[in-house]
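Everything below belongs to entry.pdb, which stores PDB, C-alpha atoms, pLDDT in the B column.
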```pdb
ATOM      1  CA  MET P   1     104.082 109.585 141.746  1.00 48.00           C
ATOM      2  CA  SER P   2     101.312 107.023 141.546  1.00 48.00           C
ATOM      3  CA  ARG P   3     100.801 104.295 144.111  1.00 46.00           C
ATOM      4  CA  ILE P   4     101.750 101.614 141.536  1.00 47.00           C
ATOM      5  CA  THR P   5     104.994 103.398 140.616  1.00 42.00           C
ATOM      6  CA  GLY P   6     105.902 103.741 144.307  1.00 44.00           C
ATOM      7  CA  THR P   7     105.215 100.045 144.905  1.00 43.00           C
ATOM      8  CA  VAL P   8     107.374  99.054 141.920  1.00 42.00           C
ATOM      9  CA  LEU P   9     110.256 101.250 143.152  1.00 42.00           C
ATOM     10  CA  VAL P  10     110.070  99.734 146.652  1.00 44.00           C
ATOM     11  CA  ALA P  11     110.026  96.214 145.183  1.00 44.00           C
ATOM     12  CA  LEU P  12     113.032  96.970 142.951  1.00 40.00           C
ATOM     13  CA  GLY P  13     114.892  98.462 145.916  1.00 47.00           C
ATOM     14  CA  LEU P  14     114.290  95.293 147.941  1.00 45.00           C
ATOM     15  CA  VAL P  15     115.569  93.114 145.081  1.00 44.00           C
ATOM     16  CA  VAL P  16     118.739  95.214 144.739  1.00 41.00           C
ATOM     17  CA  LEU P  17     119.270  95.175 148.523  1.00 41.00           C
ATOM     18  CA  GLN P  18     118.826  91.385 148.590  1.00 44.00           C
ATOM     19  CA  GLN P  19     121.316  90.934 145.726  1.00 41.00           C
ATOM     20  CA  SER P  20     123.958  93.120 147.382  1.00 36.00           C
ATOM     21  CA  THR P  21     123.501  91.361 150.722  1.00 41.00           C
ATOM     22  CA  SER P  22     123.809  87.957 149.055  1.00 44.00           C
ATOM     23  CA  ALA P  23     126.944  89.001 147.200  1.00 41.00           C
ATOM     24  CA  GLU P  24     128.634  89.997 150.473  1.00 45.00           C
ATOM     25  CA  GLY P  25     128.368  86.531 152.015  1.00 56.00           C
ATOM     26  CA  GLU P  26     126.359  83.755 150.403  1.00 64.00           C
ATOM     27  CA  LYS P  27     124.817  81.242 152.802  1.00 76.00           C
ATOM     28  CA  HIS P  28     123.759  77.739 151.815  1.00 91.00           C
ATOM     29  CA  CYS P  29     121.286  76.176 154.237  1.00 95.00           C
ATOM     30  CA  ARG P  30     120.977  72.456 154.918  1.00 95.00           C
ATOM     31  CA  ASP P  31     118.607  70.490 157.128  1.00 96.00           C
ATOM     32  CA  ALA P  32     119.809  67.569 159.215  1.00 96.00           C
ATOM     33  CA  LYS P  33     118.426  65.178 161.772  1.00 97.00           C
ATOM     34  CA  GLY P  34     119.848  62.462 163.934  1.00 98.00           C
ATOM     35  CA  ASN P  35     119.793  60.612 167.228  1.00 98.00           C
ATOM     36  CA  PHE P  36     121.523  61.865 170.328  1.00 98.00           C
ATOM     37  CA  VAL P  37     122.415  60.191 173.624  1.00 98.00           C
ATOM     38  CA  GLU P  38     124.089  62.077 176.462  1.00 97.00           C
ATOM     39  CA  THR P  39     124.875  61.604 180.155  1.00 97.00           C
ATOM     40  CA  PHE P  40     125.325  64.072 183.010  1.00 95.00           C
ATOM     41  CA  ASN P  41     128.376  64.180 185.274  1.00 94.00           C
ATOM     42  CA  ALA P  42     129.536  67.001 187.562  1.00 90.00           C
ATOM     43  CA  GLY P  43     128.097  70.092 185.894  1.00 93.00           C
ATOM     44  CA  ALA P  44     128.419  68.901 182.298  1.00 97.00           C
ATOM     45  CA  THR P  45     127.032  66.410 179.809  1.00 97.00           C
ATOM     46  CA  THR P  46     128.876  64.402 177.195  1.00 98.00           C
ATOM     47  CA  GLY P  47     127.155  62.715 174.309  1.00 98.00           C
ATOM     48  CA  THR P  48     127.178  61.174 170.867  1.00 98.00           C
ATOM     49  CA  LEU P  49     125.162  62.341 167.865  1.00 98.00           C
ATOM     50  CA  SER P  50     124.565  59.555 165.321  1.00 98.00           C
ATOM     51  CA  ASN P  51     122.525  58.927 162.155  1.00 98.00           C
ATOM     52  CA  GLY P  52     123.051  62.586 161.269  1.00 97.00           C
ATOM     53  CA  GLY P  53     125.532  62.135 158.408  1.00 95.00           C
ATOM     54  CA  TRP P  54     127.908  65.119 158.353  1.00 95.00           C
ATOM     55  CA  LEU P  55     126.549  66.172 161.774  1.00 96.00           C
ATOM     56  CA  ASP P  56     127.690  62.947 163.516  1.00 98.00           C
ATOM     57  CA  GLY P  57     130.112  63.519 166.369  1.00 98.00           C
ATOM     58  CA  THR P  58     130.660  63.885 170.086  1.00 98.00           C
ATOM     59  CA  THR P  59     129.465  66.668 172.353  1.00 98.00           C
ATOM     60  CA  VAL P  60     130.323  68.463 175.558  1.00 98.00           C
ATOM     61  CA  ALA P  61     127.888  70.839 177.250  1.00 98.00           C
ATOM     62  CA  VAL P  62     129.038  72.771 180.329  1.00 98.00           C
ATOM     63  CA  PHE P  63     126.258  74.284 182.419  1.00 97.00           C
ATOM     64  CA  ASN P  64     126.754  77.991 183.001  1.00 96.00           C
ATOM     65  CA  SER P  65     123.537  79.295 184.540  1.00 96.00           C
ATOM     66  CA  ALA P  66     121.290  78.827 187.501  1.00 95.00           C
ATOM     67  CA  THR P  67     117.990  77.001 187.055  1.00 95.00           C
ATOM     68  CA  TYR P  68     114.953  79.205 186.612  1.00 97.00           C
ATOM     69  CA  PRO P  69     111.409  78.151 187.499  1.00 96.00           C
ATOM     70  CA  THR P  70     108.526  78.084 185.037  1.00 97.00           C
ATOM     71  CA  PRO P  71     104.766  78.249 185.732  1.00 97.00           C
ATOM     72  CA  VAL P  72     104.848  74.422 185.955  1.00 97.00           C
ATOM     73  CA  PRO P  73     106.426  73.512 189.329  1.00 97.00           C
ATOM     74  CA  THR P  74     108.332  70.486 187.981  1.00 97.00           C
ATOM     75  CA  GLU P  75     109.799  72.268 184.917  1.00 97.00           C
ATOM     76  CA  PHE P  76     112.906  74.458 184.870  1.00 97.00           C
ATOM     77  CA  THR P  77     115.022  76.319 182.341  1.00 98.00           C
ATOM     78  CA  PHE P  78     118.810  76.607 182.343  1.00 97.00           C
ATOM     79  CA  ALA P  79     121.689  77.086 179.902  1.00 98.00           C
ATOM     80  CA  SER P  80     125.063  75.673 178.865  1.00 98.00           C
ATOM     81  CA  THR P  81     127.831  76.147 176.384  1.00 98.00           C
ATOM     82  CA  PHE P  82     127.757  73.507 173.642  1.00 98.00           C
ATOM     83  CA  VAL P  83     130.477  71.977 171.478  1.00 98.00           C
ATOM     84  CA  LEU P  84     129.851  69.352 168.788  1.00 98.00           C
ATOM     85  CA  THR P  85     133.062  67.886 167.379  1.00 98.00           C
ATOM     86  CA  THR P  86     132.639  66.210 163.978  1.00 98.00           C
ATOM     87  CA  ASP P  87     135.001  64.957 161.266  1.00 97.00           C
ATOM     88  CA  HIS P  88     134.277  68.273 159.503  1.00 96.00           C
ATOM     89  CA  GLY P  89     135.028  70.726 162.341  1.00 97.00           C
ATOM     90  CA  GLN P  90     133.544  72.017 165.578  1.00 98.00           C
ATOM     91  CA  LEU P  91     130.110  73.535 165.936  1.00 98.00           C
ATOM     92  CA  ASN P  92     130.028  75.842 168.981  1.00 98.00           C
ATOM     93  CA  GLY P  93     127.077  77.598 170.523  1.00 98.00           C
ATOM     94  CA  ASN P  94     124.857  78.189 173.503  1.00 98.00           C
ATOM     95  CA  ARG P  95     122.174  75.724 174.557  1.00 98.00           C
ATOM     96  CA  ILE P  96     118.945  76.612 176.355  1.00 98.00           C
ATOM     97  CA  TYR P  97     116.921  73.871 178.084  1.00 97.00           C
ATOM     98  CA  LEU P  98     113.375  73.302 179.310  1.00 98.00           C
ATOM     99  CA  PHE P  99     113.407  70.176 181.499  1.00 96.00           C
ATOM    100  CA  ASP P 100     110.788  68.373 183.603  1.00 96.00           C
ATOM    101  CA  VAL P 101     112.513  66.900 186.674  1.00 93.00           C
ATOM    102  CA  VAL P 102     109.703  64.389 187.254  1.00 94.00           C
ATOM    103  CA  THR P 103     109.196  62.927 183.771  1.00 92.00           C
ATOM    104  CA  GLY P 104     112.776  63.403 182.569  1.00 93.00           C
ATOM    105  CA  GLN P 105     111.477  64.856 179.313  1.00 94.00           C
ATOM    106  CA  GLY P 106     112.272  68.199 177.799  1.00 97.00           C
ATOM    107  CA  PHE P 107     113.431  70.335 174.946  1.00 97.00           C
ATOM    108  CA  ALA P 108     116.615  72.243 174.150  1.00 98.00           C
ATOM    109  CA  MET P 109     117.963  74.416 171.376  1.00 98.00           C
ATOM    110  CA  VAL P 110     121.453  75.502 170.380  1.00 98.00           C
ATOM    111  CA  LYS P 111     122.050  78.762 168.583  1.00 98.00           C
ATOM    112  CA  ILE P 112     125.277  78.402 166.589  1.00 98.00           C
ATOM    113  CA  ASP P 113     128.110  80.843 167.266  1.00 98.00           C
ATOM    114  CA  PRO P 114     129.572  81.506 163.783  1.00 97.00           C
ATOM    115  CA  THR P 115     132.744  83.114 165.148  1.00 98.00           C
ATOM    116  CA  ALA P 116     133.646  80.259 167.536  1.00 98.00           C
ATOM    117  CA  SER P 117     132.930  77.361 165.146  1.00 98.00           C
ATOM    118  CA  THR P 118     135.584  75.774 162.901  1.00 97.00           C
ATOM    119  CA  GLY P 119     135.890  73.736 159.693  1.00 97.00           C
ATOM    120  CA  ILE P 120     132.681  73.680 157.659  1.00 96.00           C
ATOM    121  CA  PHE P 121     130.903  75.340 160.600  1.00 97.00           C
ATOM    122  CA  ALA P 122     133.124  78.468 160.510  1.00 97.00           C
ATOM    123  CA  GLY P 123     130.800  81.372 159.768  1.00 97.00           C
ATOM    124  CA  ALA P 124     127.712  79.129 159.934  1.00 97.00           C
ATOM    125  CA  THR P 125     124.450  80.258 161.481  1.00 97.00           C
ATOM    126  CA  GLY P 126     121.397  78.304 162.488  1.00 97.00           C
ATOM    127  CA  THR P 127     119.790  76.287 165.232  1.00 98.00           C
ATOM    128  CA  LEU P 128     119.813  72.711 166.500  1.00 98.00           C
ATOM    129  CA  PHE P 129     116.663  71.455 168.266  1.00 98.00           C
ATOM    130  CA  PHE P 130     116.762  68.582 170.763  1.00 98.00           C
ATOM    131  CA  ASP P 131     113.603  66.652 171.725  1.00 98.00           C
ATOM    132  CA  LEU P 132     114.339  64.708 174.905  1.00 96.00           C
ATOM    133  CA  ILE P 133     112.073  61.689 174.622  1.00 93.00           C
ATOM    134  CA  LYS P 134     113.396  59.333 177.290  1.00 92.00           C
ATOM    135  CA  SER P 135     115.656  59.457 180.341  1.00 93.00           C
ATOM    136  CA  THR P 136     116.943  56.200 181.755  1.00 92.00           C
ATOM    137  CA  THR P 137     117.374  58.063 185.064  1.00 93.00           C
ATOM    138  CA  VAL P 138     116.257  61.674 185.463  1.00 92.00           C
ATOM    139  CA  ALA P 139     119.346  62.742 187.433  1.00 91.00           C
ATOM    140  CA  THR P 140     122.151  61.450 185.187  1.00 93.00           C
ATOM    141  CA  GLY P 141     120.653  59.886 182.044  1.00 94.00           C
ATOM    142  CA  PRO P 142     121.453  58.587 179.644  1.00 97.00           C
ATOM    143  CA  TYR P 143     119.095  60.995 177.898  1.00 96.00           C
ATOM    144  CA  HIS P 144     117.783  59.816 174.519  1.00 97.00           C
ATOM    145  CA  GLU P 145     116.976  62.655 172.131  1.00 98.00           C
ATOM    146  CA  LYS P 146     115.971  63.371 168.545  1.00 98.00           C
ATOM    147  CA  VAL P 147     117.895  66.198 166.867  1.00 98.00           C
ATOM    148  CA  ARG P 148     116.696  68.458 164.063  1.00 98.00           C
ATOM    149  CA  ALA P 149     118.810  71.242 162.638  1.00 97.00           C
ATOM    150  CA  GLN P 150     118.950  73.877 159.989  1.00 96.00           C
ATOM    151  CA  ILE P 151     122.442  75.181 159.400  1.00 97.00           C
ATOM    152  CA  CYS P 152     123.343  77.918 156.936  1.00 97.00           C
ATOM    153  CA  PHE P 153     126.975  77.580 155.863  1.00 96.00           C
ATOM    154  CA  ALA P 154     129.288  80.364 154.801  1.00 94.00           C
ATOM    155  CA  ASP P 155     130.214  80.328 151.114  1.00 88.00           C
ATOM    156  CA  GLY P 156     132.587  77.433 150.367  1.00 86.00           C
ATOM    157  CA  ASN P 157     131.956  75.604 153.664  1.00 90.00           C
ATOM    158  CA  GLU P 158     129.128  73.252 152.741  1.00 86.00           C
ATOM    159  CA  PRO P 159     129.079  69.721 154.147  1.00 88.00           C
ATOM    160  CA  PRO P 160     129.677  66.738 151.870  1.00 83.00           C
ATOM    161  CA  ASP P 161     126.704  65.120 150.145  1.00 78.00           C
ATOM    162  CA  GLU P 162     125.833  61.847 151.829  1.00 66.00           C
TER
END
```
Turn this file's structure into structure tokens for me.
Amino acid sequence: MSRITGTVLVALGLVVLQQSTSAEGEKHCRDAKGNFVETFNAGATTGTLSNGGWLDGTTVAVFNSATYPTPVPTEFTFASTFVLTTDHGQLNGNRIYLFDVVTGQGFAMVKIDPTASTGIFAGATGTLFFDLIKSTTVATGPYHEKVRAQICFADGNEPPDE
């Protein structure tokens, strides 16, 4: 078998594999962004996501890990559960943080749990990214954040066009 024939067979195999995978469970991905404000109280934060269209809603994050140091003495990582309740269902996942306790700035990301989410988020995969740009007070907030997300919805669960 020539090198060209082998390459063509591999390429055809990948196309067939992709088609069969897509037929099993089609995903439709959508990008979103919005504004987020949250406050800390007794081991949890509550917040409101706005200007995100179908992603608008309220949140609860319950901290479930110790803080871990980083090479920068004022920055720490930690984790929480995360629930976003919207008019279209609940998006559930786990949130990982990188936070500077001096500047009050940081970054977080939520990996969506497709089995725990409901409504249009049932079966969804993807990630939400939070850029913490301003803390009114470092200890309790409110924390002002920009949110970016890419969510891939299970077949039939797409959000409304807005």
Using the chain letters and numbering of this document, enumerate as a tab-separated table (two decimals) with C-alpha atoms, in the coordinates of the input the residues selected by the PyMOL selection byres ((chain P and resi 79) around 7).
```tsv
chain	number	residue	atom	x	y	z
P	63	PHE	CA	126.26	74.28	182.42
P	64	ASN	CA	126.75	77.99	183.00
P	65	SER	CA	123.54	79.30	184.54
P	78	PHE	CA	118.81	76.61	182.34
P	80	SER	CA	125.06	75.67	178.86
P	95	ARG	CA	122.17	75.72	174.56
P	96	ILE	CA	118.94	76.61	176.36
P	97	TYR	CA	116.92	73.87	178.08
```
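Proximity of P:Thr127, P:Gly141, P:Asp100, P:Asp31 to Ala44 of chain P, computed with all atoms listed in the file, is greatest for P:Gly141.
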Using all atoms listed in the file, the residue out of P:Ala61, P:Met109, P:Thr103, P:Gly119 with shortest distance to Arg148 of chain P is P:Met109
From (132.3, 74.3, 166.3), in the file's coordinates, out to 7 Å: which residues are reached, counting only C-alpha atoms? Answer as JSON, numbers by chain.
{"P": [83, 84, 85, 89, 90, 91, 92, 116, 117, 118, 121]}
Selection file, C-alpha atoms, as a PDB file, keeping the file's coordinate frame:
```pdb
ATOM      1  CA  VAL P  83     130.477  71.977 171.478  1.00 98.00           C
ATOM      2  CA  LEU P  84     129.851  69.352 168.788  1.00 98.00           C
ATOM      3  CA  THR P  85     133.062  67.886 167.379  1.00 98.00           C
ATOM      4  CA  GLY P  89     135.028  70.726 162.341  1.00 97.00           C
ATOM      5  CA  GLN P  90     133.544  72.017 165.578  1.00 98.00           C
ATOM      6  CA  LEU P  91     130.110  73.535 165.936  1.00 98.00           C
ATOM      7  CA  ASN P  92     130.028  75.842 168.981  1.00 98.00           C
ATOM      8  CA  ALA P 116     133.646  80.259 167.536  1.00 98.00           C
ATOM      9  CA  SER P 117     132.930  77.361 165.146  1.00 98.00           C
ATOM     10  CA  THR P 118     135.584  75.774 162.901  1.00 97.00           C
ATOM     11  CA  PHE P 121     130.903  75.340 160.600  1.00 97.00           C
TER      12      PHE P 121
END
```
Evaluate the PyMOL selection byres ((chain P and resi 128) around 8) and record the selected residues as a ChimeraX atom specification, following the chain and residue labels used in the document.
/P:109-112,126-127,129-130,147-151
Can you write out the residues you just picked, keeping C-alpha atoms, as a PDB file, keeping the file's coordinate frame?
```
ATOM      1  CA  MET P 109     117.963  74.416 171.376  1.00 98.00           C
ATOM      2  CA  VAL P 110     121.453  75.502 170.380  1.00 98.00           C
ATOM      3  CA  LYS P 111     122.050  78.762 168.583  1.00 98.00           C
ATOM      4  CA  ILE P 112     125.277  78.402 166.589  1.00 98.00           C
ATOM      5  CA  GLY P 126     121.397  78.304 162.488  1.00 97.00           C
ATOM      6  CA  THR P 127     119.790  76.287 165.232  1.00 98.00           C
ATOM      7  CA  PHE P 129     116.663  71.455 168.266  1.00 98.00           C
ATOM      8  CA  PHE P 130     116.762  68.582 170.763  1.00 98.00           C
ATOM      9  CA  VAL P 147     117.895  66.198 166.867  1.00 98.00           C
ATOM     10  CA  ARG P 148     116.696  68.458 164.063  1.00 98.00           C
ATOM     11  CA  ALA P 149     118.810  71.242 162.638  1.00 97.00           C
ATOM     12  CA  GLN P 150     118.950  73.877 159.989  1.00 96.00           C
ATOM     13  CA  ILE P 151     122.442  75.181 159.400  1.00 97.00           C
TER      14      ILE P 151
END
```
Can you complete the atoms of segment 23-45 of chain P to N, CA, C and O atoms and list them as a PDB file, keeping the file's coordinate frame?
```pdb
ATOM      1  N   ALA P  23     125.606  88.967 147.772  1.00 41.00           N
ATOM      2  CA  ALA P  23     126.944  89.001 147.200  1.00 41.00           C
ATOM      3  C   ALA P  23     128.015  89.145 148.284  1.00 41.00           C
ATOM      4  O   ALA P  23     129.117  88.658 148.139  1.00 41.00           O
ATOM      5  N   GLU P  24     127.668  89.801 149.405  1.00 45.00           N
ATOM      6  CA  GLU P  24     128.634  89.997 150.473  1.00 45.00           C
ATOM      7  C   GLU P  24     129.008  88.682 151.146  1.00 45.00           C
ATOM      8  O   GLU P  24     130.131  88.490 151.550  1.00 45.00           O
ATOM      9  N   GLY P  25     128.083  87.784 151.323  1.00 56.00           N
ATOM     10  CA  GLY P  25     128.368  86.531 152.015  1.00 56.00           C
ATOM     11  C   GLY P  25     127.253  85.529 151.785  1.00 56.00           C
ATOM     12  O   GLY P  25     126.298  85.515 152.525  1.00 56.00           O
ATOM     13  N   GLU P  26     127.384  84.730 150.772  1.00 64.00           N
ATOM     14  CA  GLU P  26     126.359  83.755 150.403  1.00 64.00           C
ATOM     15  C   GLU P  26     126.261  82.665 151.465  1.00 64.00           C
ATOM     16  O   GLU P  26     127.272  82.164 151.940  1.00 64.00           O
ATOM     17  N   LYS P  27     125.058  82.314 151.844  1.00 76.00           N
ATOM     18  CA  LYS P  27     124.817  81.242 152.802  1.00 76.00           C
ATOM     19  C   LYS P  27     124.040  80.133 152.102  1.00 76.00           C
ATOM     20  O   LYS P  27     123.129  80.398 151.327  1.00 76.00           O
ATOM     21  N   HIS P  28     124.421  78.911 152.376  1.00 91.00           N
ATOM     22  CA  HIS P  28     123.759  77.739 151.815  1.00 91.00           C
ATOM     23  C   HIS P  28     123.221  76.928 152.983  1.00 91.00           C
ATOM     24  O   HIS P  28     124.000  76.408 153.787  1.00 91.00           O
ATOM     25  N   CYS P  29     121.908  76.818 153.084  1.00 95.00           N
ATOM     26  CA  CYS P  29     121.286  76.176 154.237  1.00 95.00           C
ATOM     27  C   CYS P  29     121.008  74.705 153.969  1.00 95.00           C
ATOM     28  O   CYS P  29     120.603  74.341 152.869  1.00 95.00           O
ATOM     29  N   ARG P  30     121.230  73.893 154.991  1.00 95.00           N
ATOM     30  CA  ARG P  30     120.977  72.456 154.918  1.00 95.00           C
ATOM     31  C   ARG P  30     120.244  72.020 156.176  1.00 95.00           C
ATOM     32  O   ARG P  30     120.534  72.485 157.281  1.00 95.00           O
ATOM     33  N   ASP P  31     119.309  71.104 156.009  1.00 96.00           N
ATOM     34  CA  ASP P  31     118.607  70.490 157.128  1.00 96.00           C
ATOM     35  C   ASP P  31     119.306  69.191 157.489  1.00 96.00           C
ATOM     36  O   ASP P  31     119.890  68.528 156.631  1.00 96.00           O
ATOM     37  N   ALA P  32     119.233  68.836 158.755  1.00 96.00           N
ATOM     38  CA  ALA P  32     119.809  67.569 159.215  1.00 96.00           C
ATOM     39  C   ALA P  32     118.968  67.057 160.368  1.00 96.00           C
ATOM     40  O   ALA P  32     118.282  67.827 161.043  1.00 96.00           O
ATOM     41  N   LYS P  33     119.040  65.772 160.586  1.00 97.00           N
ATOM     42  CA  LYS P  33     118.426  65.178 161.772  1.00 97.00           C
ATOM     43  C   LYS P  33     119.222  63.961 162.175  1.00 97.00           C
ATOM     44  O   LYS P  33     119.961  63.400 161.371  1.00 97.00           O
ATOM     45  N   GLY P  34     119.099  63.603 163.435  1.00 98.00           N
ATOM     46  CA  GLY P  34     119.848  62.462 163.934  1.00 98.00           C
ATOM     47  C   GLY P  34     119.370  62.049 165.304  1.00 98.00           C
ATOM     48  O   GLY P  34     118.387  62.580 165.834  1.00 98.00           O
ATOM     49  N   ASN P  35     120.080  61.111 165.883  1.00 98.00           N
ATOM     50  CA  ASN P  35     119.793  60.612 167.228  1.00 98.00           C
ATOM     51  C   ASN P  35     120.913  61.052 168.148  1.00 98.00           C
ATOM     52  O   ASN P  35     122.076  61.113 167.743  1.00 98.00           O
ATOM     53  N   PHE P  36     120.556  61.323 169.391  1.00 98.00           N
ATOM     54  CA  PHE P  36     121.523  61.865 170.328  1.00 98.00           C
ATOM     55  C   PHE P  36     121.332  61.190 171.681  1.00 98.00           C
ATOM     56  O   PHE P  36     120.214  61.053 172.158  1.00 98.00           O
ATOM     57  N   VAL P  37     122.436  60.763 172.279  1.00 98.00           N
ATOM     58  CA  VAL P  37     122.415  60.191 173.624  1.00 98.00           C
ATOM     59  C   VAL P  37     123.493  60.898 174.425  1.00 98.00           C
ATOM     60  O   VAL P  37     124.637  61.010 173.978  1.00 98.00           O
ATOM     61  N   GLU P  38     123.116  61.404 175.620  1.00 97.00           N
ATOM     62  CA  GLU P  38     124.089  62.077 176.462  1.00 97.00           C
ATOM     63  C   GLU P  38     123.884  61.698 177.921  1.00 97.00           C
ATOM     64  O   GLU P  38     122.806  61.252 178.314  1.00 97.00           O
ATOM     65  N   THR P  39     124.936  61.876 178.720  1.00 97.00           N
ATOM     66  CA  THR P  39     124.875  61.604 180.155  1.00 97.00           C
ATOM     67  C   THR P  39     125.413  62.806 180.920  1.00 97.00           C
ATOM     68  O   THR P  39     126.242  63.565 180.409  1.00 97.00           O
ATOM     69  N   PHE P  40     124.943  62.960 182.144  1.00 95.00           N
ATOM     70  CA  PHE P  40     125.325  64.072 183.010  1.00 95.00           C
ATOM     71  C   PHE P  40     126.362  63.605 184.017  1.00 95.00           C
ATOM     72  O   PHE P  40     126.238  62.521 184.588  1.00 95.00           O
ATOM     73  N   ASN P  41     127.379  64.462 184.256  1.00 94.00           N
ATOM     74  CA  ASN P  41     128.376  64.180 185.274  1.00 94.00           C
ATOM     75  C   ASN P  41     129.027  65.492 185.701  1.00 94.00           C
ATOM     76  O   ASN P  41     129.675  66.154 184.884  1.00 94.00           O
ATOM     77  N   ALA P  42     128.840  65.868 186.937  1.00 90.00           N
ATOM     78  CA  ALA P  42     129.536  67.001 187.562  1.00 90.00           C
ATOM     79  C   ALA P  42     129.461  68.308 186.777  1.00 90.00           C
ATOM     80  O   ALA P  42     130.469  68.873 186.380  1.00 90.00           O
ATOM     81  N   GLY P  43     128.268  68.793 186.522  1.00 93.00           N
ATOM     82  CA  GLY P  43     128.097  70.092 185.894  1.00 93.00           C
ATOM     83  C   GLY P  43     128.220  70.127 184.389  1.00 93.00           C
ATOM     84  O   GLY P  43     128.258  71.196 183.794  1.00 93.00           O
ATOM     85  N   ALA P  44     128.282  68.949 183.755  1.00 97.00           N
ATOM     86  CA  ALA P  44     128.419  68.901 182.298  1.00 97.00           C
ATOM     87  C   ALA P  44     127.761  67.632 181.767  1.00 97.00           C
ATOM     88  O   ALA P  44     127.512  66.685 182.513  1.00 97.00           O
ATOM     89  N   THR P  45     127.471  67.633 180.477  1.00 97.00           N
ATOM     90  CA  THR P  45     127.032  66.410 179.809  1.00 97.00           C
ATOM     91  C   THR P  45     128.001  66.116 178.673  1.00 97.00           C
ATOM     92  O   THR P  45     128.606  67.024 178.101  1.00 97.00           O
TER      93      THR P  45
END
```
